[in-house]
Each structure stands twice: as C-alpha cells, then as structure tokens.
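S.K.: Coordinates in my_file_11.cif, mmCIF, C-alpha atoms and all ligand atoms, are listed below.
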```
data_query
loop_
_atom_site.label_atom_id
_atom_site.label_comp_id
_atom_site.auth_asym_id
_atom_site.auth_seq_id
_atom_site.Cartn_x
_atom_site.Cartn_y
_atom_site.Cartn_z
CA MET A 1 -16.70 -46.06 -50.63
CA SER A 2 -17.27 -49.80 -50.47
CA GLU A 3 -14.41 -52.06 -51.50
CA GLU A 4 -14.86 -55.71 -52.37
CA PHE A 5 -13.63 -58.18 -49.81
CA VAL A 6 -13.75 -61.95 -49.49
CA VAL A 7 -13.63 -64.01 -46.28
CA THR A 8 -13.62 -67.82 -46.45
CA PRO A 9 -11.67 -70.38 -44.38
CA TRP A 10 -9.11 -70.57 -47.19
CA GLU A 11 -8.93 -67.03 -48.48
CA VAL A 12 -9.14 -63.53 -47.01
CA ARG A 13 -8.84 -60.72 -49.57
CA GLY A 14 -9.44 -56.96 -49.58
CA ARG A 15 -10.14 -54.55 -46.73
CA VAL A 16 -12.55 -56.43 -44.50
CA ASP A 17 -15.57 -54.42 -43.41
CA TYR A 18 -16.51 -56.18 -40.18
CA SER A 19 -19.92 -54.56 -39.84
CA LYS A 20 -20.82 -55.78 -43.33
CA LEU A 21 -19.48 -59.20 -42.48
CA ILE A 22 -21.86 -59.39 -39.52
CA ASN A 23 -24.75 -59.05 -41.99
CA GLN A 24 -23.24 -61.26 -44.66
CA PHE A 25 -22.58 -64.12 -42.24
CA GLY A 26 -25.62 -63.48 -40.01
CA LEU A 27 -23.60 -62.98 -36.81
CA GLN A 28 -24.66 -61.18 -33.65
CA LEU A 29 -22.72 -58.13 -32.48
CA LEU A 30 -20.95 -58.57 -29.15
CA THR A 31 -22.82 -55.91 -27.18
CA ASP A 32 -21.94 -54.06 -23.96
CA GLU A 33 -24.85 -55.84 -22.24
CA LEU A 34 -23.60 -59.28 -23.16
CA LEU A 35 -20.03 -58.48 -22.14
CA GLU A 36 -21.32 -57.14 -18.84
CA ARG A 37 -23.15 -60.40 -18.31
CA LEU A 38 -19.95 -62.31 -19.02
CA ARG A 39 -18.00 -60.06 -16.64
CA LYS A 40 -20.36 -61.01 -13.80
CA HIS A 41 -18.87 -64.51 -14.03
CA THR A 42 -15.26 -63.65 -14.87
CA GLY A 43 -14.66 -60.60 -12.65
CA ASP A 44 -12.91 -58.68 -15.42
CA LEU A 45 -12.76 -58.66 -19.23
CA HIS A 46 -9.79 -59.68 -21.31
CA LEU A 47 -8.40 -56.83 -23.41
CA MET A 48 -9.46 -58.64 -26.58
CA LEU A 49 -13.03 -58.33 -25.34
CA ARG A 50 -12.71 -54.78 -23.98
CA ARG A 51 -11.23 -53.62 -27.28
CA ARG A 52 -13.73 -55.59 -29.38
CA ILE A 53 -11.01 -57.59 -31.11
CA PHE A 54 -13.60 -60.27 -30.48
CA PHE A 55 -16.52 -58.44 -32.02
CA ALA A 56 -19.28 -60.94 -32.79
CA HIS A 57 -20.85 -64.15 -31.58
CA ARG A 58 -23.45 -66.83 -32.17
CA SER A 59 -25.55 -68.03 -29.21
CA LEU A 60 -23.20 -66.71 -26.50
CA ASP A 61 -26.30 -65.44 -24.66
CA TRP A 62 -27.76 -68.96 -24.75
CA LEU A 63 -24.47 -70.45 -23.52
CA LEU A 64 -24.42 -68.06 -20.55
CA SER A 65 -28.03 -68.88 -19.72
CA GLU A 66 -27.14 -72.58 -19.66
CA TYR A 67 -24.09 -71.83 -17.49
CA GLU A 68 -26.23 -69.79 -15.10
CA LYS A 69 -28.58 -72.78 -14.82
CA GLY A 70 -25.58 -74.95 -13.86
CA ASN A 71 -25.10 -76.54 -17.29
CA MET A 72 -21.31 -76.16 -17.67
CA PHE A 73 -19.82 -75.77 -21.16
CA TYR A 74 -16.54 -76.89 -22.70
CA LEU A 75 -14.25 -75.04 -25.12
CA TYR A 76 -13.15 -76.08 -28.61
CA THR A 77 -10.72 -74.41 -30.98
CA GLY A 78 -8.15 -75.50 -33.55
CA ARG A 79 -5.27 -75.03 -35.93
CA GLY A 80 -4.53 -76.13 -39.50
CA PRO A 81 -0.82 -77.05 -39.55
CA SER A 82 0.52 -75.78 -42.89
CA GLU A 83 3.41 -73.67 -41.54
CA HIS A 84 4.91 -72.39 -38.33
CA ILE A 85 2.44 -70.52 -36.14
CA HIS A 86 2.40 -66.73 -36.49
CA LEU A 87 1.23 -64.06 -34.07
CA GLY A 88 -2.23 -63.86 -35.68
CA HIS A 89 -2.94 -67.51 -34.89
CA LEU A 90 -2.30 -66.81 -31.23
CA VAL A 91 -5.28 -64.44 -30.99
CA PRO A 92 -8.06 -67.07 -30.57
CA PHE A 93 -5.80 -69.28 -28.44
CA ILE A 94 -5.01 -66.44 -26.01
CA LEU A 95 -8.70 -65.74 -25.42
CA THR A 96 -9.39 -69.48 -25.14
CA LYS A 97 -6.78 -69.77 -22.41
CA TRP A 98 -8.32 -66.84 -20.52
CA LEU A 99 -11.78 -68.45 -20.78
CA GLN A 100 -10.38 -71.77 -19.56
CA GLU A 101 -8.84 -70.07 -16.53
CA LYS A 102 -11.93 -68.06 -15.70
CA PHE A 103 -14.43 -70.88 -16.04
CA GLY A 104 -12.23 -73.89 -15.32
CA ALA A 105 -13.51 -75.29 -18.61
CA LYS A 106 -12.34 -78.40 -20.42
CA LEU A 107 -10.82 -77.71 -23.86
CA TYR A 108 -10.39 -79.71 -27.07
CA VAL A 109 -7.87 -78.47 -29.66
CA GLN A 110 -8.25 -79.96 -33.11
CA ILE A 111 -5.18 -80.05 -35.37
CA THR A 112 -6.52 -80.49 -38.90
CA ASP A 113 -3.58 -82.22 -40.57
CA ASP A 114 -6.07 -83.83 -42.99
CA GLU A 115 -7.36 -80.38 -44.03
CA LYS A 116 -3.94 -78.93 -44.78
CA PHE A 117 -2.92 -82.04 -46.72
CA LEU A 118 -6.10 -81.80 -48.80
CA PHE A 119 -6.01 -78.05 -49.41
CA LYS A 120 -2.31 -77.18 -49.73
CA PRO A 121 0.43 -78.39 -52.08
CA LEU A 122 2.14 -80.18 -49.17
CA SER A 123 3.05 -83.82 -48.61
CA TYR A 124 1.52 -85.59 -45.65
CA GLU A 125 4.96 -85.78 -43.99
CA GLN A 126 5.34 -81.98 -44.19
CA VAL A 127 1.92 -81.41 -42.67
CA ARG A 128 2.63 -83.85 -39.86
CA LYS A 129 5.91 -82.13 -39.06
CA TYR A 130 4.12 -78.79 -38.74
CA ALA A 131 1.34 -80.39 -36.70
CA TYR A 132 3.74 -81.42 -33.93
CA ASP A 133 5.65 -78.16 -34.25
CA ASN A 134 2.39 -76.17 -33.81
CA VAL A 135 1.36 -78.30 -30.82
CA LEU A 136 4.44 -76.96 -28.99
CA ASP A 137 3.24 -73.38 -29.48
CA ILE A 138 -0.21 -74.24 -28.20
CA ILE A 139 1.10 -75.99 -25.07
CA ALA A 140 3.55 -73.09 -24.53
CA LEU A 141 0.61 -70.72 -24.01
CA GLY A 142 -0.02 -72.44 -20.68
CA PHE A 143 -3.24 -74.43 -21.09
CA ASP A 144 -4.20 -76.60 -18.12
CA PRO A 145 -2.72 -80.08 -18.78
CA GLU A 146 -5.50 -81.74 -16.78
CA LYS A 147 -8.31 -80.03 -18.69
CA THR A 148 -6.89 -79.74 -22.23
CA ARG A 149 -6.75 -82.40 -24.91
CA ILE A 150 -5.14 -81.91 -28.33
CA PHE A 151 -5.47 -84.26 -31.29
CA LEU A 152 -4.46 -84.62 -34.92
CA ASP A 153 -7.43 -85.66 -37.05
CA THR A 154 -5.45 -88.58 -38.50
CA GLU A 155 -4.43 -89.83 -35.04
CA TYR A 156 -7.85 -89.63 -33.42
CA ALA A 157 -9.63 -90.80 -36.52
CA LYS A 158 -11.40 -93.82 -35.09
CA THR A 159 -13.42 -91.63 -32.73
CA LEU A 160 -13.80 -88.65 -35.06
CA TYR A 161 -14.66 -90.51 -38.26
CA ARG A 162 -17.54 -92.38 -36.70
CA GLU A 163 -19.22 -89.04 -35.91
CA ALA A 164 -18.04 -87.27 -39.07
CA ILE A 165 -19.93 -89.70 -41.33
CA LYS A 166 -23.13 -88.93 -39.45
CA VAL A 167 -22.56 -85.22 -40.05
CA ALA A 168 -21.57 -85.79 -43.70
CA LYS A 169 -24.76 -87.73 -44.41
CA LYS A 170 -26.78 -84.60 -43.59
CA ILE A 171 -24.79 -82.22 -45.84
CA THR A 172 -25.34 -81.99 -49.58
CA TYR A 173 -22.77 -81.07 -52.19
CA SER A 174 -24.71 -77.94 -53.09
CA THR A 175 -24.53 -76.71 -49.48
CA ILE A 176 -20.75 -77.11 -49.51
CA ARG A 177 -20.48 -75.38 -52.86
CA ALA A 178 -22.45 -72.40 -51.60
CA ALA A 179 -20.82 -72.17 -48.18
CA PHE A 180 -17.19 -72.55 -49.22
CA GLY A 181 -16.96 -71.73 -52.91
CA LEU A 182 -15.77 -75.27 -53.66
CA GLY A 183 -16.77 -76.71 -57.02
CA GLU A 184 -16.46 -79.33 -59.72
CA SER A 185 -12.67 -79.22 -59.73
CA SER A 186 -12.26 -79.49 -55.93
CA ASN A 187 -10.93 -82.82 -54.73
CA ILE A 188 -13.45 -84.97 -52.90
CA GLY A 189 -11.53 -84.83 -49.62
CA GLN A 190 -12.10 -81.07 -49.58
CA ILE A 191 -15.83 -81.55 -50.05
CA PHE A 192 -15.97 -83.93 -47.07
CA PHE A 193 -13.62 -82.01 -44.78
CA THR A 194 -16.08 -79.73 -42.98
CA SER A 195 -17.66 -82.83 -41.39
CA MET A 196 -14.39 -83.42 -39.53
CA GLN A 197 -14.23 -79.84 -38.24
CA ALA A 198 -17.80 -80.15 -36.95
CA VAL A 199 -17.16 -83.20 -34.76
CA PRO A 200 -15.27 -81.64 -31.82
CA ALA A 201 -18.33 -79.38 -31.33
CA ILE A 202 -20.17 -82.51 -30.16
CA LEU A 203 -17.25 -84.57 -28.88
CA GLU A 204 -17.92 -83.98 -25.18
CA SER A 205 -21.61 -84.76 -25.69
CA VAL A 206 -20.73 -88.01 -27.44
CA LYS A 207 -18.31 -88.96 -24.66
CA GLN A 208 -20.70 -88.12 -21.83
CA GLY A 209 -23.78 -89.52 -23.55
CA ARG A 210 -25.69 -86.30 -22.86
CA ASN A 211 -25.73 -82.84 -24.43
CA VAL A 212 -22.95 -80.54 -23.21
CA PRO A 213 -22.82 -76.89 -24.41
CA CYS A 214 -19.75 -75.96 -26.44
CA LEU A 215 -18.08 -72.56 -26.98
CA ILE A 216 -15.72 -72.06 -29.95
CA PRO A 217 -13.34 -69.07 -30.03
CA LEU A 218 -12.03 -68.47 -33.58
CA ALA A 219 -11.27 -65.71 -36.07
CA VAL A 220 -14.18 -64.99 -38.35
CA ASP A 221 -12.74 -66.81 -41.40
CA GLN A 222 -13.61 -70.14 -39.73
CA ASP A 223 -17.27 -69.24 -39.22
CA PRO A 224 -18.58 -70.85 -42.45
CA HIS A 225 -17.69 -74.31 -41.10
CA PHE A 226 -19.85 -73.74 -38.07
CA ARG A 227 -22.67 -72.13 -40.00
CA VAL A 228 -23.04 -75.50 -41.70
CA ALA A 229 -22.45 -77.41 -38.45
CA ARG A 230 -25.08 -75.38 -36.59
CA ASP A 231 -27.64 -76.41 -39.23
CA VAL A 232 -26.75 -80.08 -39.09
CA LEU A 233 -25.98 -80.88 -35.44
CA PRO A 234 -29.52 -80.31 -34.12
CA LYS A 235 -30.73 -82.80 -36.75
CA LEU A 236 -28.52 -85.35 -35.00
CA GLY A 237 -29.95 -84.38 -31.61
CA PHE A 238 -27.12 -82.10 -30.42
CA TYR A 239 -26.96 -78.46 -29.30
CA LYS A 240 -25.71 -75.86 -31.75
CA PRO A 241 -22.24 -74.76 -30.64
CA ALA A 242 -21.84 -71.15 -29.47
CA ILE A 243 -19.13 -69.13 -31.19
CA ILE A 244 -17.14 -66.01 -30.43
CA HIS A 245 -15.46 -64.33 -33.42
CA ALA A 246 -12.21 -62.34 -33.61
CA LYS A 247 -11.07 -59.85 -36.20
CA PHE A 248 -7.79 -60.52 -37.98
CA LEU A 249 -4.42 -59.32 -36.82
CA PRO A 250 -3.33 -57.61 -40.04
CA SER A 251 -0.21 -58.51 -41.95
CA LEU A 252 2.83 -56.25 -41.72
CA THR A 253 2.17 -55.13 -45.28
CA GLY A 254 -1.20 -53.80 -44.13
CA GLU A 255 -3.24 -56.63 -45.72
CA ALA A 256 -6.35 -57.51 -43.72
CA LYS A 257 -5.05 -60.81 -42.34
CA MET A 258 -1.59 -61.90 -41.32
CA SER A 259 -1.03 -64.98 -43.41
CA SER A 260 1.75 -67.56 -43.49
CA SER A 261 1.92 -67.35 -47.27
CA GLU A 262 3.59 -63.93 -46.98
CA ALA A 263 6.65 -64.89 -44.91
CA GLU A 264 8.07 -61.34 -44.79
CA ALA A 265 4.76 -59.90 -43.61
CA ALA A 266 4.11 -62.35 -40.78
CA ILE A 267 5.98 -62.78 -37.51
CA PHE A 268 6.35 -66.46 -36.70
CA THR A 269 6.80 -67.68 -33.14
CA VAL A 270 10.15 -69.22 -34.14
CA ASP A 271 11.57 -66.00 -35.64
CA SER A 272 14.90 -64.69 -34.37
CA PRO A 273 15.29 -61.15 -32.93
CA GLU A 274 16.98 -60.16 -36.21
CA ASP A 275 14.02 -61.46 -38.26
CA VAL A 276 11.62 -59.53 -36.05
CA LYS A 277 13.57 -56.29 -36.30
CA LYS A 278 13.86 -56.58 -40.06
CA LYS A 279 10.19 -57.41 -40.59
CA ILE A 280 8.93 -54.64 -38.33
CA TRP A 281 11.36 -52.17 -39.82
CA ASN A 282 9.85 -52.84 -43.26
CA ALA A 283 6.25 -52.78 -41.99
CA PHE A 284 3.51 -50.73 -43.59
CA THR A 285 2.52 -47.84 -41.31
CA GLY A 286 0.03 -44.99 -41.37
CA GLY A 287 2.88 -42.47 -41.20
CA GLN A 288 3.84 -39.63 -43.53
CA PRO A 289 6.77 -39.99 -45.93
CA THR A 290 9.02 -37.64 -43.93
CA ILE A 291 9.44 -36.86 -40.23
CA LYS A 292 8.71 -33.21 -40.97
CA GLU A 293 5.36 -34.07 -42.57
CA GLN A 294 4.58 -36.52 -39.77
CA ARG A 295 5.11 -33.73 -37.23
CA GLU A 296 2.93 -31.33 -39.23
CA LYS A 297 0.09 -33.55 -40.46
CA GLY A 298 0.16 -36.49 -38.07
CA GLY A 299 -0.21 -40.18 -38.95
CA ASN A 300 -3.13 -42.52 -39.46
CA PRO A 301 -3.14 -45.27 -36.80
CA GLU A 302 -6.31 -46.82 -38.22
CA ILE A 303 -4.47 -48.20 -41.23
CA CYS A 304 -1.14 -48.72 -39.46
CA SER A 305 -0.04 -52.33 -38.95
CA VAL A 306 2.40 -51.31 -36.20
CA TYR A 307 -0.37 -49.62 -34.21
CA GLN A 308 -2.59 -52.67 -34.68
CA TYR A 309 0.09 -54.89 -33.11
CA PHE A 310 0.11 -52.74 -30.00
CA TYR A 311 -3.68 -52.74 -30.00
CA PHE A 312 -4.12 -56.52 -30.41
CA LEU A 313 -1.28 -57.89 -28.34
CA PHE A 314 1.55 -55.67 -27.23
CA GLU A 315 0.12 -52.79 -25.15
CA PRO A 316 -1.91 -54.16 -22.26
CA ASP A 317 -2.75 -50.73 -20.81
CA ASP A 318 -5.93 -49.26 -22.39
CA ARG A 319 -4.95 -45.73 -21.44
CA LYS A 320 -1.54 -46.05 -23.09
CA VAL A 321 -2.93 -47.52 -26.28
CA ARG A 322 -5.39 -44.63 -26.56
CA GLU A 323 -2.59 -42.17 -25.85
CA LEU A 324 -0.52 -43.70 -28.64
CA TYR A 325 -3.46 -43.32 -31.02
CA PHE A 326 -3.82 -39.60 -30.33
CA LYS A 327 -0.09 -38.91 -30.22
CA CYS A 328 0.23 -40.52 -33.65
CA LYS A 329 -2.67 -38.50 -35.05
CA GLN A 330 -1.14 -35.30 -33.74
CA GLY A 331 2.30 -36.09 -35.09
CA GLU A 332 3.87 -36.35 -31.64
CA VAL A 333 5.31 -39.80 -32.37
CA VAL A 334 7.19 -40.88 -35.46
CA CYS A 335 7.13 -44.31 -37.09
CA GLY A 336 10.77 -45.13 -36.35
CA ASP A 337 10.20 -44.85 -32.59
CA CYS A 338 6.99 -46.87 -32.71
CA LYS A 339 8.64 -49.62 -34.75
CA ALA A 340 11.63 -49.82 -32.41
CA GLU A 341 9.37 -50.07 -29.35
CA LEU A 342 7.19 -52.72 -30.97
CA ALA A 343 10.23 -54.75 -32.02
CA ASN A 344 11.52 -54.69 -28.41
CA ARG A 345 8.20 -55.94 -27.08
CA VAL A 346 7.80 -58.66 -29.71
CA ILE A 347 11.35 -59.87 -29.15
CA ALA A 348 10.81 -60.01 -25.37
CA PHE A 349 7.55 -61.93 -25.86
CA LEU A 350 9.13 -64.40 -28.28
CA GLU A 351 12.14 -65.00 -26.07
CA GLU A 352 9.84 -66.13 -23.27
CA HIS A 353 7.54 -68.04 -25.64
CA GLN A 354 10.44 -69.88 -27.26
CA LYS A 355 11.67 -70.99 -23.84
CA LYS A 356 8.23 -72.37 -22.97
CA ARG A 357 8.05 -73.95 -26.42
CA GLU A 358 11.17 -75.98 -25.65
CA GLU A 359 9.80 -77.02 -22.26
CA ALA A 360 6.60 -78.11 -23.99
CA ARG A 361 8.44 -80.94 -25.77
CA ASP A 362 8.26 -83.02 -22.58
CA LEU A 363 4.54 -82.38 -22.16
CA VAL A 364 3.27 -83.36 -25.60
CA ASP A 365 2.21 -86.89 -24.70
CA LYS A 366 0.29 -85.67 -21.68
CA PHE A 367 -1.85 -83.42 -23.89
CA MET A 368 -2.42 -85.66 -26.92
CA LEU A 369 -5.46 -87.82 -27.58
CA ARG A 370 -4.93 -90.79 -29.90
CA ASP A 371 -6.99 -93.85 -30.66
P1 LIG B 401 -5.85 -71.79 -39.01
O1 LIG B 401 -4.69 -72.66 -38.73
O2 LIG B 401 -5.94 -71.12 -40.33
O3 LIG B 401 -5.92 -70.67 -37.91
C1 LIG B 401 -5.90 -70.99 -36.52
C2 LIG B 401 -6.79 -69.98 -35.79
O4 LIG B 401 -6.25 -68.67 -35.95
C3 LIG B 401 -7.22 -67.80 -36.54
N1 LIG B 401 -6.46 -66.86 -37.37
C4 LIG B 401 -6.28 -65.57 -37.03
N2 LIG B 401 -6.73 -64.86 -35.98
C5 LIG B 401 -6.40 -63.56 -35.92
N3 LIG B 401 -5.62 -62.94 -36.86
C6 LIG B 401 -5.13 -63.61 -37.93
N4 LIG B 401 -4.37 -63.01 -38.82
C7 LIG B 401 -5.47 -65.01 -38.04
N5 LIG B 401 -5.17 -65.97 -38.95
C8 LIG B 401 -5.79 -67.09 -38.51
C9 LIG B 401 -8.15 -68.73 -37.29
O5 LIG B 401 -9.42 -68.16 -37.48
C10 LIG B 401 -8.21 -69.92 -36.35
O6 LIG B 401 -9.12 -69.68 -35.29
N6 LIG B 401 -9.47 -75.14 -40.04
C11 LIG B 401 -8.84 -74.38 -38.97
C12 LIG B 401 -8.44 -75.24 -37.77
C13 LIG B 401 -9.61 -75.54 -36.88
C14 LIG B 401 -10.32 -74.60 -36.07
C15 LIG B 401 -11.33 -75.35 -35.41
C16 LIG B 401 -10.16 -73.23 -35.86
C17 LIG B 401 -10.19 -76.76 -36.68
N7 LIG B 401 -11.23 -76.66 -35.79
C18 LIG B 401 -12.20 -74.72 -34.50
C19 LIG B 401 -11.02 -72.60 -34.97
C20 LIG B 401 -12.03 -73.35 -34.30
C21 LIG B 401 -7.61 -73.66 -39.51
O7 LIG B 401 -7.05 -74.03 -40.52
O8 LIG B 401 -7.20 -72.60 -38.72
#
```
Turn the structure described in the file into structure tokens.
M.R.:
Amino acid sequence: MSEEFVVTPWEVRGRVDYSKLINQFGLQLLTDELLERLRKHTGDLHLMLRRRIFFAHRSLDWLLSEYEKGNMFYLYTGRGPSEHIHLGHLVPFILTKWLQEKFGAKLYVQITDDEKFLFKPLSYEQVRKYAYDNVLDIIALGFDPEKTRIFLDTEYAKTLYREAIKVAKKITYSTIRAAFGLGESSNIGQIFFTSMQAVPAILESVKQGRNVPCLIPLAVDQDPHFRVARDVLPKLGFYKPAIIHAKFLPSLTGEAKMSSSEAEAAIFTVDSPEDVKKKIWNAFTGGQPTIKEQREKGGNPEICSVYQYFYFLFEPDDRKVRELYFKCKQGEVVCGDCKAELANRVIAFLEEHQKKREEARDLVDKFMLRD
C-alpha cells in the first residue's frame, strides 16, 4: 500500500517512505561499508549512525577520500528561528557535535531569521527574539567555542550577501518553482532565499581563498536547498558540499515529523516537567486499547511515537532498545509504563539542558559572527 507523502523544507505531510525518498531526491544510501570507513577515523559510531537515524548521504565517500588525503573539511548546519527549539531539531545538532569532537572540525551554524520572516506570519522582532533564544539551545549542546561560529543572516549580511548574489545569478525562477513548489503568488524574498542558505557551504572556501570541503548534517527536508546548491556551486568554482541526512523524529501524535506548529505534539527544550508529563501522557502509541488486549496481542512499536523517542534519543543502549521492541511486540510492557519511563528521561535531560541554556547566555558573544 503506498500512501502519498510530501517532503519540502516548508512542509512534511503523510507517512514518509524513506526508501522512496532516496529515489525521489536522488540520495545515496548510507551503507555498512561507508560507515565502516567512517569508523576507522572516529573509533566508534554514534547511535544515530548505528541505528540509521541518519540514513542517506551525498558525496560522503568523496569527503572521506579528501580527508584521507589530508584535505580537512568543515561542518555547516542551521536553524530557522520561528519558535522555541523542540527535540526533533536537536537531532542534526547532536550528530554535528559528535562529528566536531571526533574530527576537531570547524563549524558554521546559520540562523535563517530572514527565511522565517519571509515564510511565516511573524514580525521581524518576533523572529529575532526566537533567533537569540534558539542560539542558547545550540550553545547549550556543548559545541567548541574556539571552533564554532554562529550567525544570523541579517547580522552577517555584508559577507553573506556578496556571495548570495553570485549564487542567485545562476539560479532561474523555473528551477526554484520546480525544486520548492513556490509559484506566482510567492513573495520575491522567498524566491531568492535559497541563495542565502547556499552560502555557508562555501564560506570557509571564500575566507581561505582556496576550496575547503564542507559536510552538512541535516534532516532530509532541507535537502532540496542543497540539491540546487550542488548544481550551482561548481559553476562558481567551488566543491559541491557533502550532506548526511536524518529521518524525522515523529510528533507525539504520530505524524511523520515533530513540528512546532503542533504545540501539544512537540516537546520544546523550555517545557516544564508538567508540560512534558502531560504531552507524553497524551502521546499516540502503538498499544492496544486495553491492558488485557496489550498482554494478549502485543503492541506495535513501529508506529509508536513513544518507542521512537527511546530509539532516537532516550535509550543509549542498543541491546535495551531492541529488548523494548520485542517486549512491546509480545505484550510484556504496557504503554503506561513506557510513557512514565520516557517522561522521567526527558525531564532529566531537559533539567540539565535548561541549566546549560542559562549558562550559555554569557557565551553568546563569543560564538556570534557579525559584520
Ligand atoms: P529548521 O529550523 O526547520 O530545522 C533545524 C534542523 O532540524 C531538522 N529537523 C528535524 N530533524 C529531525 N526530526 C525532526 N522532527 C526535525 N524537524 C526539523 C531540520 O532538517 C534542520 O536540519 N532552513 C533551515 C535552517 C538552515 C539549515 C542550514 C538546516 C539553514 N542552513 C543547513 C540544515 C543545514 C531550517 O529552517 O531548519
């Protein structure tokens, strides 16, 4: 049975079939061989790689070949500040931090305040408030202050715009229409925007005056930007950036992607323990309607948002996560217990994160790039 699904940077709808998406977008599957090659340099593999939460790539093999030849890469990722950050947004940032630690790589984090102003019914002041709020979450994850630079598009515009116009000159309106589903009624800022998201993929090359490989961790909704960028950047004499793609942490209602527009179905990093308990208590699970039926028939972890939270973020032990899967299928665990355990773990994580978030206030200026 094939259901319709849509994945663009601004909309994710339906049950996403990731193997179909690989074909649709023209991605490469992250294979055992490639991960093994990565592990030779990192010593171990992050659970998001072992569990194939990151499932696809573009040119990662090329990037590793360059690295093996001594041509060091840098990292680039980003955030569009339209709301508080939720747990789903942390997924690419957590892997980015691991990659930075393992390779000692420099990192640029782009905060696209321009994008969110252009695409959402928000004032510029609202977007800016979220931008600086989101920066705290990013710093709280523990990026290296010497090797990490964060910028808002509007505050680093002198540097970015000069490159963005060169990118924009090589992109036609019909390309944008096809890649993003934008059209006649889209505002002209939206049409231009992808040029801004392309620039950090060449920023280090521009600064150093020589080509530097770039690796971009993201969730797969952001890929269309870089499909366009990978076509254009070589025409300007730059390398194509390499990309590593994550699946979506689902929403608590079981939708494919946790999204800020469903406040009750997303756990934000600023949520209180009471919020977390309430949201998880109301979460969609793969369980049976009654405990008796759950014991008899077992649950379905594949469609269960609570199980997915353990799988993505909250059960570091591979053996235990597998055990949970089978215990659920055999009806040995019931949803109430799973939800209570998940709530405890999320609350403990957020307590620590919120502390670091407060400490981050003093570090903001050290991380920010402005011109
Ligand atoms: P934004 O703010 O929508 O999302 C930030 C990052 O989080 C990923 N993401 C998710 N990952 C897992 N599960 C989810 N439920 C989930 N929801 C979002 C996004 O794919 C993204 O990686 N335009 C971008 C900001 C940006 C950017 C970049 C992102 C600028 N340059 C380079 C990645 C790489 C945006 O609005 O992301």
S.K.: With only C-alpha atoms as the atoms that count, which of A:Ala179, A:Leu313, A:Leu107, A:Val199 lies nearest to Arg345 (chain A)?
M.R.: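 Ranking A:Ala179, A:Leu313, A:Leu107, A:Val199 by distance to Arg345 (chain A), first place goes to A:Leu313.
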S.K.: Kindly compile the residues surrounding ligand LIG 401 (chain B) within 7 Å, counting all atoms listed in the file, and format them as a compact mmCIF listing (two decimals) with C-alpha atoms, in the coordinates of the input.
M.R.:
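Output file part.txt follows:
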```
# COMPACT_ATOMS: atom_id res chain seq x y z
CA PRO A 9 -11.67 -70.38 -44.38
CA TYR A 76 -13.15 -76.08 -28.61
CA THR A 77 -10.72 -74.41 -30.98
CA GLY A 78 -8.15 -75.50 -33.55
CA ARG A 79 -5.27 -75.03 -35.93
CA GLY A 80 -4.53 -76.13 -39.50
CA PRO A 81 -0.82 -77.05 -39.55
CA GLY A 88 -2.23 -63.86 -35.68
CA HIS A 89 -2.94 -67.51 -34.89
CA LEU A 90 -2.30 -66.81 -31.23
CA VAL A 91 -5.28 -64.44 -30.99
CA PRO A 92 -8.06 -67.07 -30.57
CA GLN A 110 -8.25 -79.96 -33.11
CA ILE A 111 -5.18 -80.05 -35.37
CA THR A 112 -6.52 -80.49 -38.90
CA GLU A 115 -7.36 -80.38 -44.03
CA GLN A 197 -14.23 -79.84 -38.24
CA ILE A 216 -15.72 -72.06 -29.95
CA PRO A 217 -13.34 -69.07 -30.03
CA LEU A 218 -12.03 -68.47 -33.58
CA ALA A 219 -11.27 -65.71 -36.07
CA VAL A 220 -14.18 -64.99 -38.35
CA ASP A 221 -12.74 -66.81 -41.40
CA GLN A 222 -13.61 -70.14 -39.73
CA ALA A 246 -12.21 -62.34 -33.61
CA LYS A 247 -11.07 -59.85 -36.20
CA PHE A 248 -7.79 -60.52 -37.98
CA LEU A 249 -4.42 -59.32 -36.82
CA PRO A 250 -3.33 -57.61 -40.04
CA SER A 251 -0.21 -58.51 -41.95
CA LYS A 257 -5.05 -60.81 -42.34
CA MET A 258 -1.59 -61.90 -41.32
CA SER A 259 -1.03 -64.98 -43.41
```
S.K.: Between A:Ile53, A:Val334, A:Ile191, A:Val346, which residue has the minimum interatomic distance to Phe312 (chain A), considering only C-alpha atoms?
M.R.: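 Among the listed residues, A:Ile53 lies closest to Phe312 (chain A).
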S.K.: With distances taken over only C-alpha atoms, which of A:Ala168, A:Val232, A:Ile139, A:Ile244 is nearest to Leu35 (chain A)?
M.R.: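 Nearest to Leu35 (chain A): A:Ile244.
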S.K.: What's the separation between CA of Glu125 (chain A) and CA of Ile150 (chain A), in Å to one decimal place?
M.R.: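 Taking CA of Glu125 (chain A) as the start and CA of Ile150 (chain A) as the end point, the length is 19.0 Å.
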S.K.: CA of Glu11 (chain A) and CA of Ser82 (chain A) are how many Å apart?
M.R.: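 Answer for the CA of Glu11 (chain A) to CA of Ser82 (chain A) separation: 14.0 Å.
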S.K.: With only C-alpha atoms as the atoms that count, which of A:Asp231, A:Glu302, A:Asp223, A:Glu83 lies nearest to Thr8 (chain A)?
M.R.: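 Checking each of A:Asp231, A:Glu302, A:Asp223, A:Glu83 against Thr8 (chain A), counting only C-alpha atoms, the winner is A:Asp223.
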S.K.: Quick one: residues within 10 Å of Leu203 (chain A), all atoms listed in the file, excluding same-chain residues fewer than 4 positions away - as a ChimeraX atom specification?
M.R.: /A:74,76,108,159-160,163,198-199,207-209,211-212,214
S.K.: Just how far from CA of Phe25 (chain A) is CA of Arg227 (chain A), in Å to one decimal?
M.R.: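 Interatomic distance, CA of Arg227 (chain A) to CA of Phe25 (chain A): 8.3 Å.
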